[in-house]
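Heads up: the structure comes next, in C-alpha cells.
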Amino acid sequence: MSETFLSESPEATLAWAARLGATLKPPLVIALFGPLGAGKTLVAKGIAAGLGVREVVTSPTFILINEYELPDGGRLYHVDCYRLRDEKTGEAVAAVKALGLEELFDRGIVLIEWADAVRPLLPAERVDITLADAGPGRRRITLTDHRRPAPG
Ligand SMILES: Nc1ncnc2c1ncn2[C@@H]1O[C@H](COP(=O)(O)OP(=O)(O)OP(=O)(O)O)[C@@H](O)[C@H]1O
Ligand SMILES: [Mg+2]
C-alpha cells in the first residue's frame, strides 16, 4: 500500500504525521528517507505528538538514539544514522549494528532518519516514509506500508 501527500507547509507536514502517529501500534519500524532538510525530523515530531508524547522531540543527530515514553507505558525510539555514516560509502550498517539498533525493533515504535544508510538492517515489515522537495515550502511525502495486513 502506498499513498502520497503533498504538504504545502511545515505545519501541514506536522499535522499529517500526527494523524498517522495516532494510528500506530507497536512494535513498528518507520524508515524515514529524504535528503538534508527534507523534513524527516518534523515528521518524527508529528508522529511523536500523535502518539501522545508530551516531551519536546529534538533531532537525535548528536545523541544517536532518543527514547520517549508513551502514555500507555510503551516506548518510542528516534534514531538518526547521519553522523554514523561512512564518508565514502554513505553506509552506517556496522556502526548502527554495534549500537544495537536491531534490539529495539520489537520493543516499541522505532523512527529511523537516514534509513538508506542501514537498508540491510531494516525489517521487511515496516513503514517507509520518503520526503522530496516539491518547491518552496512544499514536500511530497510518500508512505509505503510494508506491514502484513491485520488478520480477519
Ligand atoms: N512542507 C514542509 N514540510 C516539512 N518541512 C518543511 C516544509 N517546508 C519547509 N520546511 C522546512 O524544512 C526543514 C525540515 O527540517 P527537518 O529538520 O525536519 O529536516 P530533516 O530531513 O530532519 O533534516 P536532516 O537531514 O538535517 O536531519 C525545516 O526547516 C522546515 O521548516
Ligand atoms: Mg533530521
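Chain labels run A, B, ... following the order of the C-alpha cells; each chain numbers its residues from 1, and ligands are numbered from 1 in the order shown.
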| request: Grab me every residue within 6 Å of ligand 1, counting only C-alpha atoms and all ligand atoms, and send it over as a list in words. | output: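 These are the residues that qualify: Ser7, Glu8, Ser9, Pro10, Thr13, Pro35, Leu36, Gly37, Ala38, Gly39, Lys40, Thr41, Leu42, Gly137, Arg138 and Arg139 of chain A.
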Which parts of region 83-126 of chain A does DSSP call helix (DSSP H, G or I) when run on the backbone here, written out as a PDB file with N, CA and C atoms, in the first residue's frame?
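Output saved as selection-v5.pdb:
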ATOM      1  N   ARG A  83      25.166  10.814  11.318  1.00  0.00           N
ATOM      2  CA  ARG A  83      26.522  11.009  11.825  1.00  0.00           C
ATOM      3  C   ARG A  83      27.316   9.691  11.841  1.00  0.00           C
ATOM      4  N   LEU A  84      26.612   8.580  11.736  1.00  0.00           N
ATOM      5  CA  LEU A  84      27.268   7.269  11.790  1.00  0.00           C
ATOM      6  C   LEU A  84      27.678   6.781  10.404  1.00  0.00           C
ATOM      7  N   VAL A  93      25.886   0.692   8.379  1.00  0.00           N
ATOM      8  CA  VAL A  93      25.431  -0.620   8.838  1.00  0.00           C
ATOM      9  C   VAL A  93      26.235  -1.121  10.041  1.00  0.00           C
ATOM     10  N   ALA A  94      27.553  -1.121   9.930  1.00  0.00           N
ATOM     11  CA  ALA A  94      28.384  -1.669  11.007  1.00  0.00           C
ATOM     12  C   ALA A  94      28.224  -0.843  12.288  1.00  0.00           C
ATOM     13  N   ALA A  95      28.273   0.475  12.139  1.00  0.00           N
ATOM     14  CA  ALA A  95      28.186   1.358  13.311  1.00  0.00           C
ATOM     15  C   ALA A  95      26.833   1.223  14.004  1.00  0.00           C
ATOM     16  N   VAL A  96      25.785   1.124  13.211  1.00  0.00           N
ATOM     17  CA  VAL A  96      24.445   1.064  13.787  1.00  0.00           C
ATOM     18  C   VAL A  96      24.176  -0.311  14.402  1.00  0.00           C
ATOM     19  N   LYS A  97      24.750  -1.346  13.785  1.00  0.00           N
ATOM     20  CA  LYS A  97      24.662  -2.696  14.359  1.00  0.00           C
ATOM     21  C   LYS A  97      25.299  -2.698  15.748  1.00  0.00           C
ATOM     22  N   ALA A  98      26.481  -2.054  15.840  1.00  0.00           N
ATOM     23  CA  ALA A  98      27.209  -2.001  17.106  1.00  0.00           C
ATOM     24  C   ALA A  98      26.410  -1.264  18.177  1.00  0.00           C
ATOM     25  N   LEU A  99      25.597  -0.341  17.727  1.00  0.00           N
ATOM     26  CA  LEU A  99      24.774   0.447  18.646  1.00  0.00           C
ATOM     27  C   LEU A  99      23.595  -0.379  19.191  1.00  0.00           C
ATOM     28  N   LEU A 101      20.814  -1.282  17.373  1.00  0.00           N
ATOM     29  CA  LEU A 101      19.525  -0.811  16.860  1.00  0.00           C
ATOM     30  C   LEU A 101      18.507  -1.937  16.695  1.00  0.00           C
ATOM     31  N   GLU A 102      18.962  -3.069  16.167  1.00  0.00           N
ATOM     32  CA  GLU A 102      18.017  -4.158  15.873  1.00  0.00           C
ATOM     33  C   GLU A 102      17.301  -4.673  17.124  1.00  0.00           C
ATOM     34  N   GLU A 103      17.969  -4.542  18.270  1.00  0.00           N
ATOM     35  CA  GLU A 103      17.342  -4.998  19.517  1.00  0.00           C
ATOM     36  C   GLU A 103      16.128  -4.150  19.889  1.00  0.00           C
ATOM     37  N   LEU A 104      16.045  -2.960  19.305  1.00  0.00           N
ATOM     38  CA  LEU A 104      14.920  -2.077  19.640  1.00  0.00           C
ATOM     39  C   LEU A 104      13.677  -2.407  18.826  1.00  0.00           C
ATOM     40  N   ALA A 115      17.498   6.333   6.848  1.00  0.00           N
ATOM     41  CA  ALA A 115      17.329   4.882   6.865  1.00  0.00           C
ATOM     42  C   ALA A 115      18.050   4.205   5.704  1.00  0.00           C
ATOM     43  N   ASP A 116      18.303   4.951   4.615  1.00  0.00           N
ATOM     44  CA  ASP A 116      19.001   4.320   3.485  1.00  0.00           C
ATOM     45  C   ASP A 116      20.422   3.904   3.862  1.00  0.00           C
ATOM     46  N   ALA A 117      20.963   4.485   4.922  1.00  0.00           N
ATOM     47  CA  ALA A 117      22.314   4.117   5.362  1.00  0.00           C
ATOM     48  C   ALA A 117      22.347   2.753   6.058  1.00  0.00           C
ATOM     49  N   VAL A 118      21.177   2.240   6.429  1.00  0.00           N
ATOM     50  CA  VAL A 118      21.124   0.954   7.139  1.00  0.00           C
ATOM     51  C   VAL A 118      20.128  -0.010   6.489  1.00  0.00           C
ATOM     52  N   ARG A 119      19.929   0.130   5.188  1.00  0.00           N
ATOM     53  CA  ARG A 119      18.934  -0.690   4.486  1.00  0.00           C
ATOM     54  C   ARG A 119      19.008  -2.179   4.815  1.00  0.00           C
ATOM     55  N   PRO A 120      20.222  -2.786   4.828  1.00  0.00           N
ATOM     56  CA  PRO A 120      20.277  -4.226   5.103  1.00  0.00           C
ATOM     57  C   PRO A 120      19.767  -4.601   6.499  1.00  0.00           C
ATOM     58  N   LEU A 121      19.697  -3.647   7.411  1.00  0.00           N
ATOM     59  CA  LEU A 121      19.251  -3.948   8.774  1.00  0.00           C
ATOM     60  C   LEU A 121      17.746  -3.775   8.951  1.00  0.00           C
TER      61      LEU A 121
END
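Proximity ranking of A:Asp133, A:Asp145, A:Asp80, A:Glu91 relative to ligand 2 places A:Asp80 first, based on only C-alpha atoms and all ligand atoms.
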| field | In chain A, DSSP strand (DSSP E) residues written as number ranges by chain | value | A: 2-7, 28-33, 65-69, 75-80, 109-113, 127-133, 139-145
| Near Arg140 (chain A), counting only C-alpha atoms, which residues have an atom at most 6 Å away, once you skip same-chain residues fewer than 2 positions from it, shown as a list of chain:residue names? |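 Once the nearby chain positions are removed, what remains is A:Phe5, A:Leu6, A:Leu131, A:Ala132, A:Ala134.
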| field | Atomic separation - CA of Leu143 (chain A) relative to CA of Pro27 (chain A), Å | value |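 That distance, rounded to one decimal, is 17.8 Å.
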